[in-house]
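Peer 1: The structure under discussion is supplied below as structure tokens; questions concerning it will follow.
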Amino acid sequence: MRLSPWRLIGLVLGFVVAGGQARADSLAEIAGAAAKKGPVVWYESSPPEQILKVAAAFNKRYPDIKIQFVRNTGGGGIAARVIQESEAGAATASFFIGDVAQLIPLNQRGLLLSRDWKSLGVDPALVTTPYAVAATAALGVLVWNKQRVADGDLPKTWDEMLNERWRGKIGQWVRAATLGTLAKAYGEQHMRDYTRRLIELRPMIYASTFQLAQQAAAGEVDIGMGLYHSAQPVIAAGAPLGLRFLDPTPMNTLYGAVVAKGGNPEGAQVLLAWLSTLEGARAYEGAIGRGNPLIKGTETAERVGAHKLVEFSFQDAATIEKLDAELTQMLMAAEKKR
Amino acid sequence: MSERATPASGILDHPLSRVMTTERAAAATPRLGRGQLARLLPVLLTGALLAWLVLVPLAVLVVSAFKPTGLLRDPGFTLAHVIATYSSPQFWALTAATLQFAAGSTALALVLGGTLAWLVERTDLPAPALVRALVILPMATPPFLLAISWIMLLSPRTGVINSLLIGALGLDGPPFNIYSLGGMIFVEGLALVPSAFLILAPVARNLDPSLEESALVSGAGAGQLFFRIILPLLLPALAGTAIFLMIVSFVVFDVPGTIGMPSRIFVLSSQIYSLVADSPRGIPEYGKVSAMALMFTVGLLALTFAYHRLMRHAGRFVTVTGKAYRPRPFRLGRLRFLAVAGVVLYVLCTVLAPLAILVWTSLMPFQAPLSVAAAKMATLANHREFFANPFIAAATVNSLIVAFAASTAVAALSLVTAWISIKSRAPGRRAIDTLAFLPLAMPGVLIATALIYVYLAVSVIPIYGTIWIIAVAYLTIYLSFGSRTMNGVVLQLHPELDEAARMSGAGPLATVRRVIVPLTAPGLAAVWIWVFAHCLRELTAALLLQGADNATLPTLLYSYWSGGETNKAAAVGVWLVLGLIAVVVLWQLLQRLVAGRAAAAIDPHHAVVPAQAGTHIPEPVVMGPRFRGDDNR
């Protein structure tokens, strides 16, 4: 059958309009559908006590959508868990927050729900792909022990952290995510050399940046490349820990995503849309300590201020993943002279 | 009657029991049923269950090593992980570091545990019962907590002991650095001492003292006595114990993961954990992990069988006979004070100092070094939260349920496997014995990873993500301990008892209920309590199997620690240790309570049993408790 050009255009337009209408369901309609389903199962690395606060704030706005939280300590196993559960046909998450490295394999397996997030009122600045929305971010900062290091002695650039005076007194997270991200500003080879020089300073390597912050506060290390949010609880507890943004500030965005095979993908969409609002972002930031610098009005955005944020784009995910793995491998290579 | 003993096959099949049963083992063939099928049915069912628990996870790991992503359901096969792993110099460096760590920890545990065993069992050390309890007490401190505590005590810049020594002696730098291979060996060695002690104490106790006395009468000095008499007699048991401790230290994660990482000292287990839990590639590198596990498992299996074989033949070197004896304690003389000081130092290092620093940290709002200024900040907030936080309460309940279920299942299955492998003549009994022993060579992290696959695939057993999958993991992990212990117990039971029951008209169930279970009750209780205590402190498997509502106390503790909430972790740790101390004390009390019953129940009329051994329930094999009311001394 031959189609005239006008008929073809009409068909295409009709398809687009119909599809657009299907996806442009209002948030209220989706919320209504979500309320009829079971809980939104949420996978994340944060402690349940904190997520419970976020859920409580969410339920003030959407009281009929229940949230069930499953913690994945460290967060490294979230993607694998979703893959294994989905492939086995078992119950899995409806919603999770993770990094690009986790999103890509899940999307490649067709496990993530893609949609037009802007139609749900999500700020376009938070949407770089149809299957995820920027929910929060880990920001690399300088942390130091205020009792051991005078303000005047503090490094003012990342390179100054490699000064010989910090030998044996510098802390570093075992994951090289922050180091890898700085390659966006300085280049990959520079960061390889940087990591090599850092290792020569015999840094203390910690399993998490939370531990790094604690150990800096305790005085076991003087300075370290920490993360903004993991220093917050230590500072709040009254510990002598200082925090400073250096330029450029490495940022690793963490994305919220909806698992298509989850029990309540509608509820997950509502949750993700809510987290991208100022109300949701503040609730999340207040509970977890990790804010979204891309949403104006959050404390994190205010703290970042005019500092220059650097991050690899979503499209460069393979590059950063490879570099991250390489630098992490360097940090984890066995130390021989201890 | 055959002279050939029933294959003993135990980690610590008690030497005494071997002598006792040498002649009667062959006759110990109970008639489990009238027909052949009835006789084979228990063996088949037990074999199937063990295959499910042990072989299926093992098979999952092997297949995973050859999958491109390591994920079982993904298409294709590859040798890439195996080739990449075994051609990598880093892997062999890791293996070398692991061997160093395992050998060092084993040596330390063996020297300390062996010395303490000798002091308690064969010398005039004062208050031996108390010392015995104190030596076992560190079992109440999870190795993970012990590691955290020693970090706080011996870290180079803020460690309490280093700070005190620097201040007191005017030193330029810290005399100790816990973040070193030596530090790792020190803490792991301490953690293994109770195991070494519990394995070696009965061996030391049951050596024939007449040989020592003959040597002394012949004018041998202490050195000659030790090197020419005692050491040769102990050698097989020492070698067996060394292999066992090597296996344990090879697979352990807690100490290397906590102390090794900051100074970039990795061993295979911590590397495996990092690849599973902290891979920068987004998905755990299961393929690499499984490839590493292949060598791990093959190597450890070789050690396991070497151990098995050594302990099987250990009995030939043990000189306990049916004669009643009461060995004369070796007089320590002036060394007595040194020995007491050593015991005090041991308790200080393993219980008091770690507990004290945990208490201090739990009272601080953030991790602060010991000082008068910091003491002013002391608060009970973390302890109040321990009792008020619903997640902690839920985790406590989960821990107790999992520990109860797993310890009960381990005790029951261990009795069945021991009965089949020791008392029956059924074909396949050796396979059952081997299957029950195999999990010793499988690291908990790998068992847990495999179980995720198994129970996701088998939806008819809906335990994935629940506390029950953790219980199944513990059943698998601790089965080797339980089965070895029960082998020792069953070996000592005279077949006349259950034969008499059957001849009196009791059916198989009645025989089990009225004869076998009461006779083995002390051993079962020993296994139950040991497994219960270890389940309460196990971290790795529980962490990987975490679901919506199945957090346990150790996983909660770890999440506080890794999340930077060291002080909350310390508060949980304090209460966990106190709870575990209560379990250990209960165990000691139970030991005394059942000793009398055991004396009456075990082989009361058999002439070969030594007077003292009449009350003897074999030492549980590994870290096994004692159920004796008296002392052989």
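Chain labels A, B, ... are given in the sequence in which chains occur in the structure tokens; within each chain residues are numbered consecutively from 1, and ligands are likewise numbered from 1 in the order shown.
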Please run DSSP on the backbone and report, as a ChimeraX atom specification, all residues within range 125-222 of chain A that come out as helix (DSSP H, G or I).
Peer 2: /A:125-126,151-153,159-162,164-166,177-186,188-200,209-218
Peer 1: Save out the residues we just selected, N, CA and C atoms, as a compact mmCIF listing (two decimals), in the first residue's frame.
Peer 2:
```txt
# COMPACT_ATOMS: atom_id res chain seq x y z
N ALA A 125 17.34 20.90 33.41
CA ALA A 125 18.76 20.85 33.79
C ALA A 125 19.12 19.55 34.51
N LEU A 126 18.11 18.89 35.05
CA LEU A 126 18.37 17.65 35.79
C LEU A 126 18.25 16.41 34.90
N ASP A 151 45.10 27.33 59.44
CA ASP A 151 44.46 27.78 58.20
C ASP A 151 45.48 28.19 57.14
N GLY A 152 46.53 28.85 57.60
CA GLY A 152 47.52 29.35 56.65
C GLY A 152 48.29 28.24 55.96
N ASP A 153 48.32 27.07 56.56
CA ASP A 153 49.08 25.96 55.97
C ASP A 153 48.24 25.11 55.01
N ASP A 159 46.80 20.36 43.68
CA ASP A 159 48.22 20.01 43.56
C ASP A 159 48.98 20.24 44.86
N GLU A 160 48.56 21.25 45.60
CA GLU A 160 49.27 21.54 46.87
C GLU A 160 49.06 20.43 47.91
N MET A 161 48.08 19.59 47.66
CA MET A 161 47.89 18.46 48.58
C MET A 161 49.03 17.45 48.47
N LEU A 162 49.79 17.56 47.37
CA LEU A 162 50.87 16.60 47.17
C LEU A 162 52.19 17.09 47.76
N GLU A 164 55.21 17.53 50.18
CA GLU A 164 55.91 16.53 51.00
C GLU A 164 55.52 16.60 52.48
N ARG A 165 55.06 17.77 52.93
CA ARG A 165 54.73 17.93 54.35
C ARG A 165 53.56 17.02 54.77
N TRP A 166 52.80 16.54 53.79
CA TRP A 166 51.65 15.72 54.14
C TRP A 166 51.97 14.22 54.09
N ALA A 177 37.02 7.80 42.51
CA ALA A 177 36.02 8.52 41.73
C ALA A 177 36.34 10.01 41.63
N THR A 178 36.70 10.61 42.76
CA THR A 178 36.97 12.04 42.76
C THR A 178 38.23 12.36 41.95
N LEU A 179 39.25 11.53 42.13
CA LEU A 179 40.48 11.75 41.36
C LEU A 179 40.19 11.64 39.87
N GLY A 180 39.39 10.64 39.52
CA GLY A 180 39.06 10.43 38.12
C GLY A 180 38.31 11.62 37.53
N THR A 181 37.40 12.16 38.31
CA THR A 181 36.60 13.28 37.80
C THR A 181 37.47 14.51 37.54
N LEU A 182 38.50 14.68 38.34
CA LEU A 182 39.39 15.84 38.14
C LEU A 182 40.09 15.78 36.78
N ALA A 183 40.10 14.59 36.18
CA ALA A 183 40.70 14.46 34.85
C ALA A 183 39.97 15.31 33.83
N LYS A 184 38.72 15.61 34.10
CA LYS A 184 37.95 16.46 33.20
C LYS A 184 38.62 17.83 33.08
N ALA A 185 39.21 18.28 34.18
CA ALA A 185 39.88 19.59 34.17
C ALA A 185 41.35 19.47 33.81
N TYR A 186 41.99 18.42 34.32
CA TYR A 186 43.45 18.35 34.18
C TYR A 186 43.94 17.35 33.13
N GLU A 188 43.63 13.08 31.67
CA GLU A 188 43.78 11.73 32.27
C GLU A 188 45.21 11.48 32.73
N GLN A 189 46.18 11.84 31.88
CA GLN A 189 47.57 11.53 32.24
C GLN A 189 47.99 12.28 33.49
N HIS A 190 47.52 13.52 33.58
CA HIS A 190 47.85 14.31 34.77
C HIS A 190 47.34 13.60 36.03
N MET A 191 46.14 13.04 35.95
CA MET A 191 45.58 12.42 37.15
C MET A 191 46.23 11.08 37.46
N ARG A 192 46.73 10.42 36.39
CA ARG A 192 47.52 9.21 36.66
C ARG A 192 48.79 9.59 37.43
N ASP A 193 49.45 10.63 36.95
CA ASP A 193 50.68 11.08 37.64
C ASP A 193 50.35 11.56 39.06
N TYR A 194 49.23 12.25 39.15
CA TYR A 194 48.80 12.77 40.46
C TYR A 194 48.61 11.61 41.44
N THR A 195 47.94 10.57 40.96
CA THR A 195 47.67 9.42 41.84
C THR A 195 48.97 8.74 42.24
N ARG A 196 49.89 8.66 41.27
CA ARG A 196 51.18 8.04 41.57
C ARG A 196 51.91 8.84 42.66
N ARG A 197 51.89 10.14 42.51
CA ARG A 197 52.58 10.99 43.51
C ARG A 197 51.87 10.92 44.87
N LEU A 198 50.57 10.84 44.80
CA LEU A 198 49.80 10.70 46.05
C LEU A 198 50.19 9.42 46.77
N ILE A 199 50.32 8.34 46.01
CA ILE A 199 50.68 7.05 46.62
C ILE A 199 52.07 7.12 47.25
N GLU A 200 52.97 7.89 46.59
CA GLU A 200 54.33 8.02 47.15
C GLU A 200 54.30 8.72 48.51
N THR A 209 34.42 7.60 52.54
CA THR A 209 34.80 8.97 52.88
C THR A 209 34.27 9.34 54.27
N PHE A 210 33.27 8.61 54.75
CA PHE A 210 32.80 8.83 56.12
C PHE A 210 33.92 8.49 57.10
N GLN A 211 34.57 7.36 56.83
CA GLN A 211 35.69 6.97 57.71
C GLN A 211 36.83 7.98 57.60
N LEU A 212 37.06 8.43 56.38
CA LEU A 212 38.12 9.42 56.18
C LEU A 212 37.83 10.68 57.01
N ALA A 213 36.59 11.12 56.99
CA ALA A 213 36.23 12.32 57.77
C ALA A 213 36.43 12.06 59.26
N GLN A 214 36.01 10.90 59.72
CA GLN A 214 36.17 10.56 61.15
C GLN A 214 37.64 10.53 61.55
N GLN A 215 38.45 9.92 60.70
CA GLN A 215 39.87 9.78 61.03
C GLN A 215 40.59 11.13 60.97
N ALA A 216 40.15 11.98 60.06
CA ALA A 216 40.72 13.34 60.02
C ALA A 216 40.31 14.09 61.28
N ALA A 217 39.06 13.92 61.69
CA ALA A 217 38.59 14.59 62.91
C ALA A 217 39.34 14.07 64.13
N ALA A 218 39.63 12.77 64.14
CA ALA A 218 40.34 12.19 65.28
C ALA A 218 41.81 12.57 65.28
```
Peer 1: At a cut-off of 7 Å, list the chain B residues touching chain A, using only C-alpha atoms, as a compact mmCIF listing (two decimals) with C-alpha atoms, in the first residue's frame.
Peer 2:
```txt
# COMPACT_ATOMS: atom_id res chain seq x y z
CA ARG B 157 48.97 8.98 65.54
CA THR B 158 45.92 8.65 67.76
CA SER B 180 50.81 -3.19 59.05
CA MET B 261 43.10 -1.49 53.70
CA PRO B 262 44.29 1.83 55.20
CA SER B 263 47.90 0.83 54.62
CA ARG B 264 47.11 -0.80 51.28
CA ILE B 265 47.81 -4.30 52.47
CA PHE B 266 45.34 -6.48 50.66
CA ALA B 277 31.00 -4.59 47.11
CA ASP B 278 33.01 -1.69 45.76
CA SER B 279 33.68 -2.23 42.10
CA PRO B 280 34.07 1.00 40.11
CA ARG B 281 32.52 -0.74 37.11
CA GLY B 282 28.98 -0.50 38.41
CA ILE B 283 28.46 -4.23 38.71
CA PRO B 284 30.36 -6.50 41.09
CA PRO B 365 30.04 12.33 70.28
CA PHE B 366 32.77 11.76 67.65
CA GLN B 367 35.93 9.69 67.53
CA ALA B 368 38.22 11.47 69.92
CA PRO B 369 41.54 10.37 71.39
CA LEU B 456 16.70 -16.19 43.15
CA ALA B 457 16.52 -19.09 40.73
CA GLY B 547 17.37 -7.42 52.16
CA ALA B 548 14.48 -5.24 53.25
CA SER B 559 27.09 0.11 58.39
CA SER B 562 31.62 2.31 57.27
CA GLY B 563 29.19 5.23 57.40
CA GLY B 564 31.51 7.11 59.73
```
Peer 1: Extract the full set of strand (DSSP E) residues from range 79-191 of chain A according to DSSP on the backbone, and format it as an MDAnalysis selection string.
Peer 2: chainID A and resid 95:98 133:145 170:173
Peer 1: Excluding range 331-346 of chain B and its own-chain neighbours fewer than 6 positions away, which residues fall within 10 Å of it when counting only C-alpha atoms? Please give them as JSON, numbers by chain.
Peer 2: {"B": [112, 115, 116, 119, 122, 123, 124, 125, 126, 127, 131, 132, 134, 135, 138, 190, 193, 352, 353]}
Peer 1: Kindly indicate which residue among B:Pro427, B:Pro232, B:Gly182, B:Pro495 lies nearest to Leu154 in chain B, using only C-alpha atoms for the distances.
Peer 2: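 Counting only C-alpha atoms, the residue closest to Leu154 in chain B is B:Gly182.
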Peer 1: Sort by chain and increasing residue number a table of all residues of range 42-159 of chain A within 7 Å of range 272-284 of chain A, each with its closest pair of atoms and their distance in Å to one decimal, counting only C-alpha atoms, and write it as CSV.
Peer 2:
```
residue,atom,partner,partner_atom,distance
A:Val54,CA,A:Tyr284,CA,5.6
A:Ala57,CA,A:Ala283,CA,6.5
A:Leu120,CA,A:Ala273,CA,6.6
A:Val122,CA,A:Ala273,CA,6.0
A:Ala135,CA,A:Ser276,CA,6.3
```
Peer 1: Generate the output file for the selected residues, C-alpha atoms, as a PDB file, in the first residue's frame.
Peer 2:
```
ATOM      1  CA  VAL A  54      12.757  11.344  53.377  1.00  0.00           C
ATOM      2  CA  ALA A  57       8.404  14.079  53.992  1.00  0.00           C
ATOM      3  CA  LEU A 120       6.227  15.667  35.000  1.00  0.00           C
ATOM      4  CA  VAL A 122      11.206  18.030  36.238  1.00  0.00           C
ATOM      5  CA  ALA A 135      18.924  13.425  42.188  1.00  0.00           C
TER       6      ALA A 135
END
```
Peer 1: As an exercise, work out the distance from CA of Val143 in chain A to CA of Trp158 in chain A in Å and give it to one decimal place.
Peer 2: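 Interatomic distance, CA of Val143 in chain A to CA of Trp158 in chain A: 11.8 Å.
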Peer 1: So that I can see what lies close to range 473-482 of chain B, please list as an MDAnalysis selection string the residues with an atom at most 9 Å from it, counting only C-alpha atoms and leaving out residues fewer than 3 positions away in the same chain.
Peer 2: chainID B and resid 11 50 53:54 402:403 405:407 409:411 413:415 435:440 442:444 447:448 451 468:470 485:487 524 527:528 530:531 534:535 538 541:542 545 620:624
Peer 1: Provide the CA of Ala132 in chain A to CA of Ala257 in chain A distance in Å, to one decimal place.
Peer 2: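 So the two atoms, CA of Ala132 in chain A and CA of Ala257 in chain A, lie 4.7 Å apart.
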Peer 1: Would you compute the distance between CA of Leu198 in chain B and CA of Met139 in chain B? Give it in Å to one decimal.
Peer 2: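 Separation of CA of Leu198 in chain B and CA of Met139 in chain B: 11.0 Å.
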Peer 1: Residues near range 59-66 of chain B, anyone? I mean within 9 Å using only C-alpha atoms, not counting same-chain ones fewer than 5 positions away, as a PDB file with N, CA and C atoms, in the first residue's frame.
Peer 2:
```
ATOM      1  N   VAL B  54      25.795 -27.579  49.798  1.00  0.00           N
ATOM      2  CA  VAL B  54      27.231 -27.394  49.571  1.00  0.00           C
ATOM      3  C   VAL B  54      27.595 -27.417  48.083  1.00  0.00           C
ATOM      4  N   LEU B  71      27.664 -13.029  35.687  1.00  0.00           N
ATOM      5  CA  LEU B  71      26.248 -13.252  36.016  1.00  0.00           C
ATOM      6  C   LEU B  71      25.775 -14.525  35.305  1.00  0.00           C
ATOM      7  N   LEU B  72      25.193 -15.408  36.062  1.00  0.00           N
ATOM      8  CA  LEU B  72      24.916 -16.758  35.559  1.00  0.00           C
ATOM      9  C   LEU B  72      23.986 -16.794  34.360  1.00  0.00           C
ATOM     10  N   GLY B  76      26.747 -16.831  26.886  1.00  0.00           N
ATOM     11  CA  GLY B  76      28.137 -17.051  26.535  1.00  0.00           C
ATOM     12  C   GLY B  76      29.023 -17.531  27.669  1.00  0.00           C
ATOM     13  N   PHE B  77      30.177 -18.017  27.229  1.00  0.00           N
ATOM     14  CA  PHE B  77      31.186 -18.468  28.181  1.00  0.00           C
ATOM     15  C   PHE B  77      32.531 -17.880  27.775  1.00  0.00           C
ATOM     16  N   THR B  78      33.407 -17.747  28.719  1.00  0.00           N
ATOM     17  CA  THR B  78      34.725 -17.186  28.409  1.00  0.00           C
ATOM     18  C   THR B  78      35.768 -17.715  29.391  1.00  0.00           C
ATOM     19  N   LEU B  79      37.003 -17.732  28.894  1.00  0.00           N
ATOM     20  CA  LEU B  79      38.111 -18.083  29.788  1.00  0.00           C
ATOM     21  C   LEU B  79      38.839 -16.811  30.265  1.00  0.00           C
ATOM     22  N   ALA B  80      38.297 -15.662  29.833  1.00  0.00           N
ATOM     23  CA  ALA B  80      39.010 -14.399  30.068  1.00  0.00           C
ATOM     24  C   ALA B  80      39.303 -14.146  31.552  1.00  0.00           C
ATOM     25  N   HIS B  81      38.336 -14.412  32.404  1.00  0.00           N
ATOM     26  CA  HIS B  81      38.555 -14.125  33.833  1.00  0.00           C
ATOM     27  C   HIS B  81      39.649 -15.014  34.417  1.00  0.00           C
ATOM     28  N   VAL B  82      39.605 -16.270  34.004  1.00  0.00           N
ATOM     29  CA  VAL B  82      40.592 -17.214  34.537  1.00  0.00           C
ATOM     30  C   VAL B  82      41.983 -16.831  34.045  1.00  0.00           C
ATOM     31  N   TYR B 286      31.842 -10.373  39.497  1.00  0.00           N
ATOM     32  CA  TYR B 286      31.642 -11.752  39.918  1.00  0.00           C
ATOM     33  C   TYR B 286      32.544 -12.728  39.159  1.00  0.00           C
ATOM     34  N   GLY B 287      32.774 -12.446  37.867  1.00  0.00           N
ATOM     35  CA  GLY B 287      33.609 -13.345  37.068  1.00  0.00           C
ATOM     36  C   GLY B 287      35.007 -13.454  37.647  1.00  0.00           C
ATOM     37  N   LYS B 288      35.604 -12.284  37.931  1.00  0.00           N
ATOM     38  CA  LYS B 288      36.955 -12.268  38.510  1.00  0.00           C
ATOM     39  C   LYS B 288      36.955 -12.961  39.869  1.00  0.00           C
ATOM     40  N   VAL B 289      35.925 -12.622  40.653  1.00  0.00           N
ATOM     41  CA  VAL B 289      35.835 -13.170  42.002  1.00  0.00           C
ATOM     42  C   VAL B 289      35.766 -14.693  41.948  1.00  0.00           C
ATOM     43  N   SER B 290      34.929 -15.196  41.058  1.00  0.00           N
ATOM     44  CA  SER B 290      34.773 -16.646  40.960  1.00  0.00           C
ATOM     45  C   SER B 290      36.056 -17.293  40.443  1.00  0.00           C
ATOM     46  N   ALA B 291      36.729 -16.595  39.509  1.00  0.00           N
ATOM     47  CA  ALA B 291      37.992 -17.141  39.007  1.00  0.00           C
ATOM     48  C   ALA B 291      39.009 -17.240  40.137  1.00  0.00           C
ATOM     49  N   MET B 292      39.067 -16.210  40.965  1.00  0.00           N
ATOM     50  CA  MET B 292      39.971 -16.253  42.116  1.00  0.00           C
ATOM     51  C   MET B 292      39.562 -17.372  43.063  1.00  0.00           C
ATOM     52  N   ALA B 293      38.253 -17.527  43.176  1.00  0.00           N
ATOM     53  CA  ALA B 293      37.740 -18.524  44.121  1.00  0.00           C
ATOM     54  C   ALA B 293      38.108 -19.944  43.706  1.00  0.00           C
ATOM     55  N   LEU B 294      38.327 -20.151  42.396  1.00  0.00           N
ATOM     56  CA  LEU B 294      38.666 -21.505  41.951  1.00  0.00           C
ATOM     57  C   LEU B 294      39.945 -21.986  42.624  1.00  0.00           C
ATOM     58  N   LEU B 446      31.878 -15.955  49.428  1.00  0.00           N
ATOM     59  CA  LEU B 446      31.551 -16.704  48.220  1.00  0.00           C
ATOM     60  C   LEU B 446      30.278 -17.528  48.411  1.00  0.00           C
ATOM     61  N   ILE B 447      30.116 -18.081  49.587  1.00  0.00           N
ATOM     62  CA  ILE B 447      28.887 -18.841  49.856  1.00  0.00           C
ATOM     63  C   ILE B 447      27.689 -17.908  49.711  1.00  0.00           C
ATOM     64  N   THR B 449      27.440 -15.098  48.006  1.00  0.00           N
ATOM     65  CA  THR B 449      27.243 -14.720  46.605  1.00  0.00           C
ATOM     66  C   THR B 449      26.519 -15.834  45.850  1.00  0.00           C
ATOM     67  N   ALA B 450      26.940 -17.049  46.093  1.00  0.00           N
ATOM     68  CA  ALA B 450      26.312 -18.180  45.407  1.00  0.00           C
ATOM     69  C   ALA B 450      24.855 -18.352  45.840  1.00  0.00           C
ATOM     70  N   LEU B 451      24.600 -18.136  47.117  1.00  0.00           N
ATOM     71  CA  LEU B 451      23.223 -18.326  47.603  1.00  0.00           C
ATOM     72  C   LEU B 451      22.257 -17.325  46.978  1.00  0.00           C
ATOM     73  N   TYR B 453      22.258 -16.334  43.942  1.00  0.00           N
ATOM     74  CA  TYR B 453      21.843 -16.953  42.687  1.00  0.00           C
ATOM     75  C   TYR B 453      20.877 -18.096  42.917  1.00  0.00           C
ATOM     76  N   VAL B 454      21.270 -18.951  43.844  1.00  0.00           N
ATOM     77  CA  VAL B 454      20.496 -20.174  44.051  1.00  0.00           C
ATOM     78  C   VAL B 454      19.056 -19.832  44.424  1.00  0.00           C
TER      79      VAL B 454
END
```
Peer 1: Name the residues in contact with Pro293 in chain A at a cut-off of 12 Å, using only C-alpha atoms, excluding same-chain residues fewer than 6 positions from it; report them as a ChimeraX atom specification.
Peer 2: /A:125-126,134-139,228-229,249-254,276,278,281-282,285,299-309
Peer 1: Would you save the residues of that selection, restricted to N, CA and C atoms, as a compact mmCIF listing (two decimals), in the first residue's frame?
Peer 2:
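Output file selection12.txt follows:
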```txt
# COMPACT_ATOMS: atom_id res chain seq x y z
N ALA A 125 17.34 20.90 33.41
CA ALA A 125 18.76 20.85 33.79
C ALA A 125 19.12 19.55 34.51
N LEU A 126 18.11 18.89 35.05
CA LEU A 126 18.37 17.65 35.79
C LEU A 126 18.25 16.41 34.90
N ALA A 134 18.98 13.59 37.58
CA ALA A 134 20.00 13.92 38.58
C ALA A 134 19.31 14.16 39.93
N ALA A 135 19.63 13.33 40.90
CA ALA A 135 18.92 13.42 42.19
C ALA A 135 19.78 14.07 43.28
N THR A 136 21.06 13.83 43.20
CA THR A 136 21.96 14.35 44.23
C THR A 136 23.38 14.26 43.68
N ALA A 137 24.35 14.69 44.45
CA ALA A 137 25.72 14.62 43.92
C ALA A 137 26.72 14.50 45.06
N ALA A 138 27.82 13.83 44.74
CA ALA A 138 28.94 13.76 45.67
C ALA A 138 29.96 14.80 45.22
N LEU A 139 30.30 15.70 46.12
CA LEU A 139 31.21 16.79 45.77
C LEU A 139 32.54 16.62 46.51
N TYR A 228 31.79 16.30 50.48
CA TYR A 228 31.06 17.30 51.25
C TYR A 228 30.07 16.66 52.23
N HIS A 229 29.25 15.74 51.72
CA HIS A 229 28.17 15.22 52.57
C HIS A 229 28.68 14.33 53.69
N THR A 249 35.94 22.00 41.54
CA THR A 249 35.34 21.05 42.48
C THR A 249 34.81 19.83 41.70
N PRO A 250 35.38 18.67 41.96
CA PRO A 250 34.90 17.49 41.24
C PRO A 250 33.51 17.08 41.71
N MET A 251 32.65 16.80 40.77
CA MET A 251 31.27 16.43 41.12
C MET A 251 30.91 15.10 40.45
N ASN A 252 30.35 14.21 41.23
CA ASN A 252 29.85 12.95 40.68
C ASN A 252 28.35 12.90 40.94
N THR A 253 27.60 13.15 39.88
CA THR A 253 26.14 13.17 40.04
C THR A 253 25.62 11.75 40.29
N LEU A 254 24.69 11.67 41.21
CA LEU A 254 23.99 10.41 41.43
C LEU A 254 22.58 10.58 40.90
N SER A 276 13.10 15.92 42.62
CA SER A 276 13.70 16.95 41.78
C SER A 276 13.10 18.34 42.06
N LEU A 278 12.29 21.50 44.79
CA LEU A 278 13.05 22.07 45.90
C LEU A 278 12.64 21.41 47.22
N ALA A 281 14.21 17.91 47.26
CA ALA A 281 15.67 17.99 47.35
C ALA A 281 16.10 18.42 48.74
N ARG A 282 15.34 19.37 49.32
CA ARG A 282 15.69 19.81 50.68
C ARG A 282 15.45 18.70 51.70
N GLU A 285 18.28 16.27 51.26
CA GLU A 285 19.52 16.86 51.76
C GLU A 285 19.52 16.92 53.29
N GLU A 299 20.96 23.84 50.31
CA GLU A 299 22.13 24.32 51.05
C GLU A 299 23.41 24.01 50.27
N THR A 300 23.42 22.85 49.63
CA THR A 300 24.61 22.46 48.87
C THR A 300 24.86 23.45 47.75
N ALA A 301 23.80 23.81 47.05
CA ALA A 301 23.97 24.77 45.95
C ALA A 301 24.52 26.08 46.48
N GLU A 302 24.03 26.48 47.65
CA GLU A 302 24.52 27.74 48.23
C GLU A 302 25.97 27.62 48.65
N ARG A 303 26.33 26.48 49.22
CA ARG A 303 27.73 26.29 49.66
C ARG A 303 28.68 26.25 48.47
N VAL A 304 28.24 25.61 47.40
CA VAL A 304 29.11 25.52 46.21
C VAL A 304 29.33 26.92 45.65
N GLY A 305 28.27 27.72 45.67
CA GLY A 305 28.36 29.12 45.23
C GLY A 305 28.99 29.26 43.86
N ALA A 306 30.05 30.03 43.84
CA ALA A 306 30.67 30.34 42.55
C ALA A 306 31.78 29.37 42.16
N HIS A 307 31.95 28.35 42.97
CA HIS A 307 33.04 27.41 42.64
C HIS A 307 32.74 26.71 41.32
N LYS A 308 33.83 26.39 40.65
CA LYS A 308 33.68 25.78 39.34
C LYS A 308 33.52 24.26 39.50
N LEU A 309 32.37 23.75 39.11
CA LEU A 309 32.13 22.30 39.19
C LEU A 309 32.61 21.63 37.92
```
Peer 1: Return the single residue from B:Ala375, B:Ala471, B:Ile230, B:Met184 that is closest to Gly260 in chain B, with distances computed using only C-alpha atoms.
Peer 2: B:Met184
Peer 1: Please provide as a PyMOL selection string all residues within 9 Å of Ser114 in chain A, with the sequence filter that same-chain residues fewer than 4 positions apart are discarded (counting only C-alpha atoms).
Peer 2: chain A and resi 129-132+257-258+260
